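Remarks on the structure that follows.
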Amino acid sequence: MIRALHRWPGLLAAALLIVLTLSGAALSVFPAAERLTAPQAETGLSVATLAARIQTAYPGVEQIRRSPPGQITAYWFLDGTPGAAVIDPATGAGVGSADPNQVERWLTNLHRSLFLGYGGRIAMVLGAAAMLILSVSGSVLVARRAGGWRRWFAPLRGPLSGRLHVEIARVAVLGLALSSMTALWMSASTFDLLPITSSAPAFPNDVSGETGISITSIELLGQTPVAELRELNFPYPGDASDVFTLKTDQGTGYLDQGTGAALGWTDLTGWENVSETIYMLHTGQGAAFLGILLGLMALGVPVLGVTGVLVWLAGRRSRPRIPGNLPAAKAETILLVGSEGGSTWGFAATLHQALRAAGQTVHVGPMSDFDLAHHAKAQRFVILAATYGDGDAPETAKGFLDRLKALGTAPAAPIAVLGFGDRSYPEYCGYAQRVAEMAKTRGWNMLLPFDTIDRQSPQDFARWGRLLGQALGINLELVHQPIVPPTEMLTLVSRRDYAAEMQAPTAILRFALPRVTLWQKLTGQGFARFEAGDLLGIVPEGSAIPRLYSLASDRRDGFVEIVVKRQPSGLCSAQLTQLAPGDTAKGYIRRNPGFKPGKGRAPLILIGAGTGIGPLAGFIRGNKRHRPIHLFFGMRHPQNDFLYGQDLADWQTEGRLTRLDTAVSRAANPSYVQDTLRAEGTEVARLIRDGARIMVCGGRGMATGVTDALADILKPMGLTPQALRAEGRYVEDVY
């Protein structure tokens, strides 16, 4: 509901809002410019002294005005001809034309009514209302994405367009909400929708009938500082019944032109004070700095409009279309999805289709939209949740646990939680498991025990589907076809071959960076953004199931590089290792946020064997700031499969690699990386005490041996590999 409330006003009123905010931003400059260019009255100058100076320069003066920025303007008649000028209060003489700024007038008419009169004013009112709706709904969505109001400025992740949209919104939303609310108030006043009150006293009937008092002799004018003046009107020449009219920041009064006596005074009403404060907040008149600040915030609206459209289009592309998806309030089965890269939505679409075919009414939506008030007919909830990084909430599930925790009573409808992940990661389905545990803690009945899907297995999903069908009393067969992201054609530019003599052909394959479209650059999709440790999905000919390879290169390297070992029955590895320069393969990028070296200067301990060197080599290649890196690398024979051997030597010379320790399993004295770790246990322990982060990549058997070796090294320190995992200092990418 909140997303729709934010999306449609923005899309429908985008052009109007851009005109409204850009013209408003331009107008915000004029109060500040006037403040800087207009001669200002000296401190303590009284209205009486100022009026006397102007009267000396212009004997026929009729009116003196002071604008909120401090500019003083006088109006007079001389020999029957009207005149006006901006006044220097130090002399009372004119220093500039009082004619209105034509550019400011043009912008004001554009901002208020689009030059369309009454109809244009109504359009601008609708624009201000849309801006207020966008500001409020956008604030809620920002808080959801950040993980709560207290995490308003938490670091963001994801494509550039989405991050830029939220970053600007976080800063500008308060100003945009203030501008839109004040605009609506002023519009209501223009259309006479607010009470009309006036602080002007009744015109005096009893005046002295005398004229000609020296203006410096009028006590009230002498007591009123120019800083509080708004307007002083002089009596009509020769009319003894007329009076001086004084308007200040406090109110309005009349002064006898013969005696100088105050004939009546009325303070500004509370309603007038509120209206004037709102006018000041909206225009910046009298608060130039605030006006400039609000103008700068308004400049963010065009960027928010463009990035908002990009985010909307990217969201439509990343999620499969779900025909027949009912509104949340009309569905008996509620499927809530927590997804980072979009693949979990594909499973939700498969489940939705099967449930509909079985006669169920179903709604699919993001976990971040969970609200019991909108699920009035729900008879069951099914949560499909992936896990981001080290057990964090995926993008579409931000704030779900907080809302679950805040529930007063658990819903009567039972819940089933299904986690999606990869068993090679320490936090396998960690977020989904926390959701299930929290639901139990809140007393929510479980429709099914917590279950998981490993590496997007269609077989695991079909097995779970049969269990769900039994719980619902229906026959439920889930046949899921993984949705392969859009692929690019990759052209091989070079290859380096190893281990052919050992019947284990391995190659470092380097592909040219595919052309990146403007859309991909703006959204961060495709090959526009990737890092070493991310995954390259290759779709082999004759199969729809992709194979994932860890990237040994960064986008800034200008190429796409992987390490591939030919497997005895591997369709994809066989095709890749047969490629010659100039040949092509279809591939796509998949993020792998849980396997990154992180920022900072803490040492890195990289441990890998065989093709596991791929992402580790990418980390070293990108270490241009010479962060301390210690690499433990295992191979069979240095003459046959010392992958990146010369590169590692060069990187050591350049300072990108601090130290290299190798283990050779086919040597006279065979050893493995875990043996080398134990041999260097003292140094490894020192690095860990210094805050080192450990990253392991390679086969599962190797990773198990490494964990055992580290357990022995850490034991005297009172630490365990599990403790380092919990701190995020021990991560694996194993297969």
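Quick note on naming: the chains in the structure tokens go A, B, ... in the order shown, residues restart at 1 in each chain, and ligands are numbered from 1 in order of appearance.
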12 Å contact set for segment 721-729 of chain A, only C-alpha atoms, chain neighbours under 4 positions out, as a ChimeraX atom specification: /A:389-392,425-427,430,594-598,602-606,687-696,703-704,706-715,717
In segment 442-649 of chain A, DSSP helix (DSSP H, G or I) residues written as an MDAnalysis selection string: chainID A and resid 458:472 500:502 518:523 526:528 555:557 571:577 610:621 638:641 645:649
Contacts of Leu576 of chain A at 12 Å (only C-alpha atoms; same-chain gap of 6+ positions) as number ranges by chain: A: 490-492, 495, 497, 505-511, 538-541, 547, 549, 562-567, 570, 583-587
Store the residues picked out above in a file with C-alpha atoms, as a compact mmCIF listing (two decimals), in the first residue's frame.
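Generated file (out26.txt):
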```txt
# COMPACT_ATOMS: atom_id res chain seq x y z
CA LEU A 490 31.24 -12.86 -23.86
CA THR A 491 34.17 -13.05 -26.27
CA LEU A 492 37.29 -14.90 -25.13
CA ARG A 495 43.61 -18.18 -22.07
CA ASP A 497 46.38 -23.49 -19.66
CA PRO A 505 43.05 -29.52 -17.61
CA THR A 506 42.58 -26.09 -16.03
CA ALA A 507 42.50 -22.68 -17.70
CA ILE A 508 42.45 -19.03 -16.75
CA LEU A 509 39.93 -17.58 -19.20
CA ARG A 510 39.82 -13.86 -19.88
CA PHE A 511 36.82 -12.42 -21.69
CA ILE A 538 27.61 -19.31 -17.76
CA VAL A 539 24.71 -20.89 -19.63
CA PRO A 540 26.11 -23.87 -21.58
CA GLU A 541 24.74 -24.87 -24.93
CA ARG A 547 27.02 -22.87 -13.86
CA TYR A 549 32.22 -19.35 -11.43
CA ILE A 562 37.51 -16.86 -14.30
CA VAL A 563 39.43 -20.05 -13.54
CA VAL A 564 37.87 -23.27 -14.87
CA LYS A 565 38.84 -26.89 -14.29
CA ARG A 566 37.40 -29.45 -16.66
CA GLN A 567 35.19 -31.90 -14.80
CA GLY A 570 30.81 -31.38 -16.70
CA ASP A 583 34.94 -17.82 -29.40
CA THR A 584 31.94 -16.75 -27.33
CA ALA A 585 29.87 -17.88 -24.36
CA LYS A 586 26.68 -16.55 -22.80
CA GLY A 587 27.02 -15.19 -19.28
```
For segment 19-78 of chain A against segment 161-181 of chain A, with a cut-off of 12 Å and counting only C-alpha atoms, what is the closest atom pair and its distance in Å to one decimal for every residue that makes the cut, ordered by chain and number, as a Markdown table?
```
| residue | atom | partner | partner_atom | distance |
| --- | --- | --- | --- | --- |
| A:Leu20 | CA | A:Ser180 | CA | 10.2 |
| A:Thr21 | CA | A:Leu176 | CA | 8.9 |
| A:Gly24 | CA | A:Ser179 | CA | 9.3 |
| A:Ala25 | CA | A:Ser179 | CA | 10.7 |
| A:Ser28 | CA | A:Ser179 | CA | 11.4 |
```
Check which residues of segment 55-115 of chain A sit at most 10 Å from segment 209-226 of chain A using only C-alpha atoms, and return one row each with the closest pair of atoms and their distance in Å to one decimal, ordered by chain and rising number, as a Markdown table.
```
| residue | atom | partner | partner_atom | distance |
| --- | --- | --- | --- | --- |
| A:Gln55 | CA | A:Ile215 | CA | 9.1 |
| A:Arg66 | CA | A:Val226 | CA | 8.2 |
| A:Gly70 | CA | A:Val226 | CA | 9.0 |
| A:Ile72 | CA | A:Val226 | CA | 9.4 |
| A:Pro89 | CA | A:Val226 | CA | 9.3 |
```
Contact residues around Pro100 of chain A with only C-alpha atoms at 12 Å, ignoring same-chain residues under 2 positions, as a short mmCIF file (atom, residue, chain, number, x, y, z; two decimals) with C-alpha atoms, in the first residue's frame:
```
data_model
loop_
_atom_site.label_atom_id
_atom_site.label_comp_id
_atom_site.auth_asym_id
_atom_site.auth_seq_id
_atom_site.Cartn_x
_atom_site.Cartn_y
_atom_site.Cartn_z
CA PHE A 30 15.99 36.21 -4.86
CA GLU A 34 18.06 41.10 -2.18
CA THR A 73 11.50 51.46 -0.93
CA ALA A 84 9.73 55.33 -6.54
CA ALA A 85 13.22 54.15 -5.63
CA VAL A 86 15.15 51.76 -3.46
CA GLY A 96 18.21 51.94 -7.43
CA SER A 97 15.03 51.34 -9.36
CA ALA A 98 11.97 50.13 -7.48
CA GLN A 102 10.85 40.81 -14.43
CA VAL A 103 12.61 37.46 -14.15
CA GLU A 104 11.33 37.02 -10.59
CA ARG A 105 7.82 38.02 -11.67
CA TRP A 106 7.91 35.53 -14.56
CA THR A 108 6.52 33.58 -9.68
#
```
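Within 6 Å of segment 475-482 of chain A there are A:Pro458, A:Ala462, A:Gly465, A:Arg466, A:Gly469, counting only C-alpha atoms and ignoring same-chain residues fewer than 4 positions away.
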